[in-house]
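As provided, my_file27.pdb (PDB, C-alpha atoms and all ligand atoms) reads as follows.
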ATOM      1  CA  ASN A   1      22.612  -7.469   9.056
ATOM      2  CA  LEU A   2      22.145  -7.334   5.305
ATOM      3  CA  ILE A   3      21.941  -9.833   2.441
ATOM      4  CA  VAL A   4      22.956  -8.548  -0.973
ATOM      5  CA  ASP A   5      22.457 -10.575  -4.117
ATOM      6  CA  THR A   6      23.334  -9.027  -7.468
ATOM      7  CA  ARG A   7      22.406 -10.862 -10.661
ATOM      8  CA  GLU A   8      21.052 -10.084 -14.099
ATOM      9  CA  GLY A   9      21.092  -6.342 -13.518
ATOM     10  CA  ILE A  10      19.135  -6.591 -10.257
ATOM     11  CA  ALA A  11      20.655  -5.794  -6.852
ATOM     12  CA  ARG A  12      18.480  -7.343  -4.154
ATOM     13  CA  ILE A  13      19.159  -5.911  -0.741
ATOM     14  CA  THR A  14      17.484  -7.643   2.200
ATOM     15  CA  LEU A  15      17.422  -6.056   5.647
ATOM     16  CA  ASN A  16      18.258  -9.014   7.809
ATOM     17  CA  ARG A  17      17.472  -8.561  11.498
ATOM     18  CA  PRO A  18      14.185 -10.469  11.451
ATOM     19  CA  ASP A  19      13.954 -10.990  15.233
ATOM     20  CA  ARG A  20      13.900  -7.172  15.607
ATOM     21  CA  LEU A  21      11.603  -6.702  12.601
ATOM     22  CA  ASN A  22      14.670  -5.497  10.642
ATOM     23  CA  SER A  23      14.928  -2.308  12.718
ATOM     24  CA  PHE A  24      18.046  -0.234  12.123
ATOM     25  CA  ASN A  25      21.204  -0.246  14.166
ATOM     26  CA  ASP A  26      24.418   1.526  13.140
ATOM     27  CA  ALA A  27      25.878  -1.629  11.603
ATOM     28  CA  MET A  28      22.898  -2.219   9.303
ATOM     29  CA  HIS A  29      23.010   1.444   8.273
ATOM     30  CA  ALA A  30      26.698   1.135   7.369
ATOM     31  CA  GLU A  31      26.116  -2.040   5.362
ATOM     32  CA  LEU A  32      23.176  -0.483   3.536
ATOM     33  CA  ARG A  33      25.246   2.582   2.652
ATOM     34  CA  ASP A  34      27.900   0.264   1.185
ATOM     35  CA  ALA A  35      25.321  -1.789  -0.719
ATOM     36  CA  LEU A  36      23.751   1.323  -2.232
ATOM     37  CA  GLY A  37      27.227   2.581  -3.149
ATOM     38  CA  ALA A  38      27.961  -0.705  -4.918
ATOM     39  CA  ALA A  39      24.603  -0.430  -6.710
ATOM     40  CA  GLU A  40      25.921   2.641  -8.538
ATOM     41  CA  ASP A  41      27.729   0.164 -10.811
ATOM     42  CA  PRO A  42      26.150   0.577 -14.278
ATOM     43  CA  ALA A  43      25.764  -3.216 -14.479
ATOM     44  CA  VAL A  44      23.073  -2.818 -11.805
ATOM     45  CA  ARG A  45      19.924  -1.523 -13.485
ATOM     46  CA  VAL A  46      17.421  -1.813 -10.652
ATOM     47  CA  VAL A  47      17.627  -2.096  -6.873
ATOM     48  CA  VAL A  48      15.124  -3.977  -4.707
ATOM     49  CA  ILE A  49      15.057  -3.343  -0.962
ATOM     50  CA  GLY A  50      13.152  -5.885   1.122
ATOM     51  CA  GLY A  51      13.101  -7.335   4.605
ATOM     52  CA  ALA A  52      13.796 -10.810   5.974
ATOM     53  CA  GLY A  53      11.069 -12.626   7.864
ATOM     54  CA  ARG A  54       7.605 -11.260   8.576
ATOM     55  CA  GLY A  55       8.401  -7.537   8.584
ATOM     56  CA  PHE A  56       9.847  -4.954   6.208
ATOM     57  CA  CYS A  57      11.479  -2.610   8.738
ATOM     58  CA  ALA A  58      10.362  -1.274  12.141
ATOM     59  CA  GLY A  59      12.481   1.888  11.943
ATOM     60  CA  GLN A  60      15.151   2.718  14.462
ATOM     61  CA  ASP A  61      16.064  -0.080  16.879
ATOM     62  CA  LEU A  62      14.458   1.032  20.135
ATOM     63  CA  GLY A  63      16.474  -1.408  22.206
ATOM     64  CA  GLU A  64      19.316  -0.705  24.603
ATOM     65  CA  GLY A  65      20.435   2.946  24.607
ATOM     66  CA  ALA A  66      17.622   4.195  22.331
ATOM     67  CA  ALA A  67      16.381   6.699  24.890
ATOM     68  CA  ALA A  68      18.177   8.700  27.551
ATOM     69  CA  GLY A  69      17.994   7.659  31.164
ATOM     70  CA  PRO A  70      17.083  10.122  33.936
ATOM     71  CA  GLY A  71      19.369  13.149  33.834
ATOM     72  CA  GLU A  72      20.945  12.079  30.531
ATOM     73  CA  SER A  73      20.376  13.592  27.133
ATOM     74  CA  LEU A  74      20.646  11.880  23.795
ATOM     75  CA  ASP A  75      21.117  13.523  20.404
ATOM     76  CA  LEU A  76      18.638  11.832  18.082
ATOM     77  CA  GLY A  77      19.506  14.482  15.484
ATOM     78  CA  ARG A  78      22.961  13.018  15.216
ATOM     79  CA  THR A  79      21.587   9.543  14.422
ATOM     80  CA  LEU A  80      19.497  11.106  11.685
ATOM     81  CA  GLU A  81      22.369  13.151  10.254
ATOM     82  CA  GLN A  82      24.824  10.274  10.312
ATOM     83  CA  ASN A  83      22.535   7.490   9.170
ATOM     84  CA  TYR A  84      19.106   8.355   7.787
ATOM     85  CA  LEU A  85      19.916  11.479   5.772
ATOM     86  CA  PRO A  86      22.685   9.773   3.759
ATOM     87  CA  LEU A  87      20.433   6.729   3.277
ATOM     88  CA  ILE A  88      17.454   8.612   1.896
ATOM     89  CA  THR A  89      19.516  11.000  -0.236
ATOM     90  CA  ARG A  90      21.469   8.070  -1.674
ATOM     91  CA  ILE A  91      18.271   6.308  -2.739
ATOM     92  CA  ARG A  92      16.898   9.462  -4.367
ATOM     93  CA  ALA A  93      20.211  10.216  -6.096
ATOM     94  CA  LEU A  94      20.700   6.699  -7.465
ATOM     95  CA  ARG A  95      20.395   6.848 -11.248
ATOM     96  CA  LYS A  96      18.151   3.796 -11.537
ATOM     97  CA  PRO A  97      14.824   2.730 -10.077
ATOM     98  CA  VAL A  98      14.725   1.568  -6.473
ATOM     99  CA  ILE A  99      11.845  -0.732  -5.518
ATOM    100  CA  ALA A 100      10.696  -1.206  -1.925
ATOM    101  CA  ALA A 101       9.353  -4.755  -1.581
ATOM    102  CA  VAL A 102       7.279  -4.484   1.587
ATOM    103  CA  GLY A 103       6.332  -7.957   2.763
ATOM    104  CA  GLY A 104       5.148  -6.965   6.241
ATOM    105  CA  VAL A 105       5.027  -4.038   8.602
ATOM    106  CA  ALA A 106       6.903  -0.837   7.717
ATOM    107  CA  ALA A 107       6.979   1.381  10.794
ATOM    108  CA  GLY A 108       8.614   4.666  11.739
ATOM    109  CA  ALA A 109      11.742   5.357   9.727
ATOM    110  CA  GLY A 110      11.110   1.960   8.074
ATOM    111  CA  ALA A 111       7.993   3.465   6.494
ATOM    112  CA  SER A 112       9.999   6.524   5.442
ATOM    113  CA  LEU A 113      12.589   4.233   3.846
ATOM    114  CA  ALA A 114       9.880   2.449   1.836
ATOM    115  CA  LEU A 115       8.198   5.690   0.790
ATOM    116  CA  ALA A 116      11.499   7.229  -0.323
ATOM    117  CA  CYS A 117      11.915   4.443  -2.870
ATOM    118  CA  ASP A 118      10.702   4.971  -6.431
ATOM    119  CA  LEU A 119       8.069   2.223  -6.444
ATOM    120  CA  VAL A 120       6.569   0.497  -3.430
ATOM    121  CA  ILE A 121       5.013  -2.924  -3.873
ATOM    122  CA  ALA A 122       3.538  -4.585  -0.799
ATOM    123  CA  THR A 123       1.760  -7.735   0.284
ATOM    124  CA  ARG A 124      -1.929  -7.387   1.083
ATOM    125  CA  SER A 125      -1.107  -8.256   4.699
ATOM    126  CA  ALA A 126       1.573  -5.553   4.979
ATOM    127  CA  SER A 127       0.976  -2.275   6.782
ATOM    128  CA  PHE A 128       2.461   1.184   7.172
ATOM    129  CA  ILE A 129       2.673   2.862  10.553
ATOM    130  CA  GLN A 130       3.784   6.406  11.293
ATOM    131  CA  ALA A 131       4.837   5.147  14.706
ATOM    132  CA  PHE A 132       6.725   8.323  15.613
ATOM    133  CA  SER A 133       4.008  10.190  17.528
ATOM    134  CA  LYS A 134       3.432   7.075  19.645
ATOM    135  CA  ILE A 135       6.900   7.600  21.133
ATOM    136  CA  ALA A 136       6.670  11.407  21.119
ATOM    137  CA  LEU A 137       8.700  12.006  17.944
ATOM    138  CA  VAL A 138       8.131  13.640  14.589
ATOM    139  CA  PRO A 139       8.171  11.605  11.348
ATOM    140  CA  ASP A 140      11.771  11.649  10.159
ATOM    141  CA  ALA A 141      14.005  10.305   7.392
ATOM    142  CA  GLY A 142      11.982  12.501   5.031
ATOM    143  CA  GLY A 143       8.588  11.455   6.373
ATOM    144  CA  THR A 144       7.174  14.947   6.823
ATOM    145  CA  TRP A 145       8.179  15.807   3.241
ATOM    146  CA  LEU A 146       7.140  12.557   1.600
ATOM    147  CA  LEU A 147       3.765  12.030   3.283
ATOM    148  CA  PRO A 148       1.927  15.208   2.222
ATOM    149  CA  ARG A 149       3.296  14.877  -1.305
ATOM    150  CA  LEU A 150       2.092  11.317  -1.612
ATOM    151  CA  VAL A 151      -1.332  11.568   0.026
ATOM    152  CA  GLY A 152      -2.083  15.280   0.645
ATOM    153  CA  ARG A 153      -2.087  17.316   3.838
ATOM    154  CA  GLN A 154      -5.196  15.896   5.474
ATOM    155  CA  ARG A 155      -4.265  12.237   5.170
ATOM    156  CA  ALA A 156      -0.641  13.018   6.037
ATOM    157  CA  MET A 157      -1.853  14.798   9.172
ATOM    158  CA  GLY A 158      -4.113  11.946  10.193
ATOM    159  CA  LEU A 159      -1.393   9.376   9.681
ATOM    160  CA  ALA A 160       1.309  11.365  11.450
ATOM    161  CA  LEU A 161      -0.748  12.698  14.375
ATOM    162  CA  LEU A 162      -2.517   9.425  15.163
ATOM    163  CA  GLY A 163       0.151   6.874  14.232
ATOM    164  CA  ASP A 164      -2.449   4.231  13.400
ATOM    165  CA  LYS A 165      -1.719   1.243  11.211
ATOM    166  CA  LEU A 166      -2.615   1.781   7.539
ATOM    167  CA  SER A 167      -3.303  -1.390   5.571
ATOM    168  CA  ALA A 168      -1.477  -1.951   2.294
ATOM    169  CA  GLU A 169      -4.837  -1.941   0.492
ATOM    170  CA  GLN A 170      -5.719   1.476   1.897
ATOM    171  CA  ALA A 171      -2.179   2.661   1.161
ATOM    172  CA  GLU A 172      -2.650   1.659  -2.465
ATOM    173  CA  GLN A 173      -6.055   3.351  -2.663
ATOM    174  CA  TRP A 174      -4.568   6.549  -1.244
ATOM    175  CA  GLY A 175      -1.618   6.545  -3.609
ATOM    176  CA  LEU A 176       0.890   6.095  -0.789
ATOM    177  CA  ILE A 177       2.247   3.023  -2.602
ATOM    178  CA  TRP A 178       2.251   1.718  -6.167
ATOM    179  CA  ARG A 179       0.572  -1.666  -5.683
ATOM    180  CA  CYS A 180      -0.467  -4.235  -3.161
ATOM    181  CA  VAL A 181      -0.654  -7.860  -4.249
ATOM    182  CA  ASP A 182      -1.765 -11.133  -2.698
ATOM    183  CA  ASP A 183       0.822 -12.522  -0.306
ATOM    184  CA  ALA A 184       1.216 -15.752  -2.295
ATOM    185  CA  ALA A 185       1.872 -13.827  -5.518
ATOM    186  CA  PHE A 186       4.246 -11.305  -3.913
ATOM    187  CA  PRO A 187       7.654 -12.933  -4.641
ATOM    188  CA  ALA A 188       6.768 -13.517  -8.290
ATOM    189  CA  GLU A 189       5.302 -10.016  -8.652
ATOM    190  CA  VAL A 190       8.446  -8.451  -7.169
ATOM    191  CA  ASP A 191      10.632 -10.550  -9.481
ATOM    192  CA  ALA A 192       8.560  -9.604 -12.523
ATOM    193  CA  LEU A 193       8.644  -5.897 -11.693
ATOM    194  CA  ALA A 194      12.395  -5.982 -11.072
ATOM    195  CA  ALA A 195      13.080  -7.979 -14.250
ATOM    196  CA  ARG A 196      10.981  -5.603 -16.298
ATOM    197  CA  LEU A 197      12.830  -2.551 -15.005
ATOM    198  CA  ALA A 198      16.212  -4.297 -15.367
ATOM    199  CA  THR A 199      15.626  -4.693 -19.104
ATOM    200  CA  ALA A 200      14.213  -1.183 -19.561
ATOM    201  CA  PRO A 201      16.156   1.810 -20.956
ATOM    202  CA  THR A 202      17.986   2.652 -17.728
ATOM    203  CA  GLN A 203      19.284   6.056 -18.844
ATOM    204  CA  ALA A 204      15.735   7.164 -19.593
ATOM    205  CA  LEU A 205      14.446   5.777 -16.298
ATOM    206  CA  ALA A 206      17.193   7.622 -14.431
ATOM    207  CA  ARG A 207      16.167  10.880 -16.084
ATOM    208  CA  ILE A 208      12.474  10.243 -15.452
ATOM    209  CA  LYS A 209      13.334   9.880 -11.768
ATOM    210  CA  GLN A 210      15.494  13.015 -11.892
ATOM    211  CA  ALA A 211      12.768  15.020 -13.632
ATOM    212  CA  LEU A 212       9.913  13.955 -11.345
ATOM    213  CA  ASP A 213      12.038  14.734  -8.301
ATOM    214  CA  ALA A 214      13.076  18.113  -9.730
ATOM    215  CA  SER A 215       9.427  19.009 -10.371
ATOM    216  CA  GLU A 216       8.984  19.453  -6.611
ATOM    217  CA  GLY A 217      11.011  22.652  -6.808
ATOM    218  CA  ASN A 218      10.446  23.855 -10.395
ATOM    219  CA  ASP A 219       7.793  25.955 -12.076
ATOM    220  CA  LEU A 220       6.408  24.738 -15.421
ATOM    221  CA  LEU A 221       8.892  26.669 -17.532
ATOM    222  CA  ALA A 222      11.918  25.507 -15.555
ATOM    223  CA  GLN A 223      10.615  21.953 -15.697
ATOM    224  CA  MET A 224      10.137  22.103 -19.482
ATOM    225  CA  GLN A 225      13.657  23.453 -19.796
ATOM    226  CA  LEU A 226      14.885  20.485 -17.801
ATOM    227  CA  GLU A 227      12.921  18.190 -20.140
ATOM    228  CA  VAL A 228      14.665  19.834 -23.104
ATOM    229  CA  LYS A 229      18.063  19.097 -21.576
ATOM    230  CA  LEU A 230      17.213  15.509 -20.645
ATOM    231  CA  GLN A 231      15.572  14.736 -23.989
ATOM    232  CA  ARG A 232      18.584  16.193 -25.788
ATOM    233  CA  GLU A 233      20.837  13.820 -23.855
ATOM    234  CA  LEU A 234      18.582  10.824 -24.452
ATOM    235  CA  GLY A 235      18.288  11.589 -28.166
ATOM    236  CA  ALA A 236      21.946  10.602 -28.468
ATOM    237  CA  SER A 237      21.569   7.356 -26.493
ATOM    238  CA  PRO A 238      21.931   3.858 -27.983
ATOM    239  CA  ASP A 239      18.695   2.797 -26.281
ATOM    240  CA  PHE A 240      16.724   5.543 -28.042
ATOM    241  CA  ALA A 241      18.111   4.346 -31.382
ATOM    242  CA  GLU A 242      17.187   0.791 -30.423
ATOM    243  CA  GLY A 243      13.687   1.804 -29.310
ATOM    244  CA  VAL A 244      12.966   3.580 -32.597
ATOM    245  CA  ALA A 245      14.509   0.751 -34.669
ATOM    246  CA  ALA A 246      12.458  -1.864 -32.806
ATOM    247  CA  PHE A 247       9.299   0.166 -33.400
ATOM    248  CA  ALA A 248      10.014   0.424 -37.127
ATOM    249  CA  GLU A 249      10.813  -3.289 -37.358
ATOM    250  CA  LYS A 250       7.714  -4.206 -35.290
ATOM    251  CA  ARG A 251       9.757  -6.194 -32.777
ATOM    252  CA  ALA A 252      10.454  -6.010 -29.045
ATOM    253  CA  PRO A 253      13.345  -3.674 -28.176
ATOM    254  CA  ARG A 254      16.525  -5.017 -26.580
ATOM    255  CA  PHE A 255      17.676  -2.189 -24.348
ATOM    256  CA  SER A 256      21.269  -2.230 -23.147
ATOM    257  CA  GLY A 257      20.734   0.390 -20.446
ATOM    258  CA  ARG A 258      23.054   2.809 -22.251
TER     259      ARG A 258
HETATM  260  C1  LIG B   1      11.817  -3.992  17.772
HETATM  261  C2  LIG B   1      11.400  -2.865  17.056
HETATM  262  C3  LIG B   1      12.206  -1.710  17.072
HETATM  263  C4  LIG B   1      13.680  -2.869  18.451
HETATM  264  C5  LIG B   1       9.938  -4.393  16.816
HETATM  265  N1  LIG B   1      13.344  -1.779  17.778
HETATM  266  N2  LIG B   1      12.953  -3.990  18.467
HETATM  267  C6  LIG B   1      14.057   7.244  16.072
HETATM  268  C7  LIG B   1      15.065   7.480  17.049
HETATM  269  C8  LIG B   1      16.329   7.962  16.742
HETATM  270  C9  LIG B   1      16.708   8.539  15.681
HETATM  271  C10 LIG B   1      16.249   8.280  14.405
HETATM  272  O1  LIG B   1      14.906   8.177  14.138
HETATM  273  C11 LIG B   1      14.031   7.468  14.761
HETATM  274  C12 LIG B   1      12.974   7.107  13.886
HETATM  275  C13 LIG B   1      12.134   5.934  14.166
HETATM  276  O2  LIG B   1      12.148   5.014  13.434
HETATM  277  S1  LIG B   1      11.117   6.056  15.494
HETATM  278  C14 LIG B   1      10.021   4.718  15.297
HETATM  279  C15 LIG B   1      10.664   3.442  15.729
HETATM  280  N3  LIG B   1       9.773   2.355  15.525
HETATM  281  C16 LIG B   1       8.683   2.121  16.244
HETATM  282  O3  LIG B   1       8.284   2.876  17.104
HETATM  283  C17 LIG B   1       7.986   0.820  15.972
HETATM  284  C18 LIG B   1       8.159  -0.107  17.146
HETATM  285  N4  LIG B   1       7.545  -1.395  16.871
HETATM  286  C19 LIG B   1       6.237  -1.606  16.973
HETATM  287  O4  LIG B   1       5.447  -0.743  17.295
HETATM  288  C20 LIG B   1       5.776  -2.997  16.676
HETATM  289  O5  LIG B   1       6.872  -3.868  16.776
HETATM  290  C21 LIG B   1       5.143  -3.127  15.273
HETATM  291  C22 LIG B   1       3.776  -2.392  15.284
HETATM  292  C23 LIG B   1       6.046  -2.531  14.202
HETATM  293  C24 LIG B   1       4.924  -4.606  14.950
HETATM  294  O6  LIG B   1       4.150  -5.196  15.964
HETATM  295  P1  LIG B   1       4.045  -6.780  16.078
HETATM  296  O7  LIG B   1       3.760  -7.350  14.753
HETATM  297  O8  LIG B   1       3.116  -7.040  17.205
HETATM  298  O9  LIG B   1       5.513  -7.285  16.452
HETATM  299  P2  LIG B   1       6.284  -7.152  17.856
HETATM  300  O10 LIG B   1       6.024  -5.830  18.440
HETATM  301  O11 LIG B   1       5.983  -8.352  18.674
HETATM  302  O12 LIG B   1       7.802  -7.182  17.361
HETATM  303  C25 LIG B   1       8.514  -8.385  17.157
HETATM  304  C26 LIG B   1       9.859  -8.259  17.838
HETATM  305  O13 LIG B   1      10.568  -7.196  17.207
HETATM  306  C27 LIG B   1       9.685  -7.862  19.287
HETATM  307  O14 LIG B   1      10.729  -8.448  20.020
HETATM  308  P3  LIG B   1      10.431  -9.710  20.995
HETATM  309  O15 LIG B   1      11.761  -9.982  21.630
HETATM  310  O16 LIG B   1       9.385  -9.261  21.956
HETATM  311  O17 LIG B   1       9.949 -10.815  20.081
HETATM  312  C28 LIG B   1       9.903  -6.390  19.247
HETATM  313  O18 LIG B   1      10.370  -5.863  20.461
HETATM  314  C29 LIG B   1      10.931  -6.228  18.168
HETATM  315  N5  LIG B   1      10.894  -4.909  17.574
HETATM  316  N6  LIG B   1      10.236  -3.149  16.470
HETATM  317  N7  LIG B   1      11.887  -0.600  16.408
END
Please, can you express the file's structure as structure tokens?
Amino acid sequence: NLIVDTREGIARITLNRPDRLNSFNDAMHAELRDALGAAEDPAVRVVVIGGAGRGFCAGQDLGEGAAAGPGESLDLGRTLEQNYLPLITRIRALRKPVIAAVGGVAAGAGASLALACDLVIATRSASFIQAFSKIALVPDAGGTWLLPRLVGRQRAMGLALLGDKLSAEQAEQWGLIWRCVDDAAFPAEVDALAARLATAPTQALARIKQALDASEGNDLLAQMQLEVKLQRELGASPDFAEGVAAFAEKRAPRFSGR
């Protein structure tokens, strides 16, 4: 259900159930948890999550057993607690950038997965669908938290209440995603972005991620105090020494990620 390829500091994770638009079953969740665990290895400096075939991810697999039959009840909360909460928290906690490479539709919890990543790059033909309300559910896997923070209350409301398809171009204009690129250029653009981040000062990137995430709950003073702590740590890092030396010597830095 998953293809993992780790080389040159880049862990590429591909959701691989293309005939179901890479929707999640328990097995794919378990494999993704393992892959993200393995990506904690310091040799991995950036993670790319993409989808096989024409879609990114259509959220929860709505096949067999997805809804209760007459007189039955089904605990969707348990699926979220066991699968989606650990997935999203793992991505946010990972001390390196995680890129969502969205080469097609991202729907339901598949959209939440993409939006929980640190940078989202998409093909021009890709789209984002808050499909939840269409099947009488609420955006989950962090959706109700992520959406208003990314695009504001009004656009979040419109997306979540109506569940219409949002084009990648509109998503970029709204700030829901980082960039959308022409379909033909997409693989090269994803590679270039990943390679750039894989040769960047990883410890600094990890702390940038930590600080931006912490800002959601901090006031200005608390946030500046966090910056003091993080900058103090980074001041002792080999990559900071290398960055300053490279600047003085007017050459490109060679960051080790330490
Ligand atoms: C699928 C799926 C899918 C199975 C396409 N499952 N087969 C929910 C419940 C429990 C707890 C946790 O949280 C959640 C959160 C959620 O994620 S709820 C939202 C779940 N996702 C959706 O509601 C999206 C459902 N899919 C669609 O609306 C469409 O497939 C989209 C708009 C994404 C794409 O449309 P098309 O490009 O027209 O493709 P398609 O519909 O023809 O799909 C291709 C195949 O993939 C098709 O199978 P088939 O055998 O007919 O070729 C679909 O049945 C299958 N597929 N999504 N989620």
Worksheet entry | Near-stretch 227-235 of chain A list (8 Å; only C-alpha atoms; drop same-chain fewer than 2 positions) as an MDAnalysis selection string | chainID A and resid 203:204 207 211 223:225 237 240:241
Worksheet item: Can you tell me which residues sit at most 9 Å away from ligand LIG 1 (chain B), counting only C-alpha atoms and all ligand atoms, written as a PyMOL selection string?
Response: chain A and resi 18-25+54-55+57-64+66-67+75-81+83-84+104-112+127-141+165
Fill in: For A:Arg7, the nearest of the candidates A:Ala27, A:Ala184, A:Leu32, A:Ala195, counting all atoms listed in the file
A:Ala195
Item to complete: Could you tell me how far atom CA of A:Ala168 lies from atom CA of A:Val98, in Å and to one decimal?
Response: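 If I compute the distance from atom CA of A:Ala168 to atom CA of A:Val98, I get 18.8 Å.
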Worksheet item: What does the distance from atom CA of A:Thr89 to atom CA of A:Arg124 come to in Å, to one decimal?
Response: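 Pair atom CA of A:Thr89 / atom CA of A:Arg124 returns 28.3 Å.
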Worksheet item: atom CA of A:Pro253 and atom CA of A:Pro201 are how many Å apart?
Response: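 Atom-to-atom, atom CA of A:Pro253 and atom CA of A:Pro201 are spaced 9.5 Å apart.
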Discussion item. To test your reading of the syntax: which residues would the PyMOL selection byres (((chain A and resi 255) around 7) and not hetatm) return for the file shown? Reply as a list of chain:residue names.
Written reply: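 Checking the PyMOL selection byres (((chain A and resi 255) around 7) and not hetatm) against this file, the residues are A:Thr199, A:Ala200, A:Pro201, A:Asp239, A:Glu242, A:Pro253, A:Arg254, A:Ser256, A:Gly257.
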Worksheet item: Residues at most 7 Å from stretch 177-181 of chain A, counting only C-alpha atoms, excluding those fewer than 3 positions away in the same chain, as a list of chain:residue names?
Response: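 Those residues are A:Leu119, A:Val120, A:Ile121, A:Ala122, A:Thr123, A:Arg124, A:Ala168, A:Glu169, A:Ala171, A:Glu172, A:Ala185, A:Phe186.
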Kindly list the centre and edge lengths in Å, rounded to one decimal, for the axis-aligned box that covers all listed atoms of stretch 29-36 of chain A plus 4 Å on each of its six sides, as lines of an AutoDock Vina configuration file.
center_x = 25.5
center_y = 0.3
center_z = 3.0
size_x = 12.9
size_y = 12.6
size_z = 18.5
Worksheet, complete the sentence: Counting all atoms listed in the file, closest pick from A:Ile10, A:Val48, A:Leu176, A:Val4 relative to A:Glu31 is A:Val4
Discussion item. Set the distance at 7 Å and use all atoms listed in the file: which residues neighbour stretch 38-43 of chain A once local chain neighbours fewer than 3 positions away are removed? I'd like the list as a PyMOL selection string.
Written reply: chain A and resi 9+11+34-35+94
Practice prompt. Report the residues retrieved by the PyMOL selection byres (((chain A and resi 49) around 10) and not hetatm) from the displayed file, expressed as a list in words.
Written response: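 Output from the PyMOL selection byres (((chain A and resi 49) around 10) and not hetatm), applied to this file: Val4, Ala11, Arg12, Ile13, Thr14, Leu15, Leu32, Leu36, Val47, Val48, Gly50, Gly51, Phe56, Val98, Ile99, Ala100, Ala101, Val102, Leu113, Ala114, Cys117 and Val120 of chain A.
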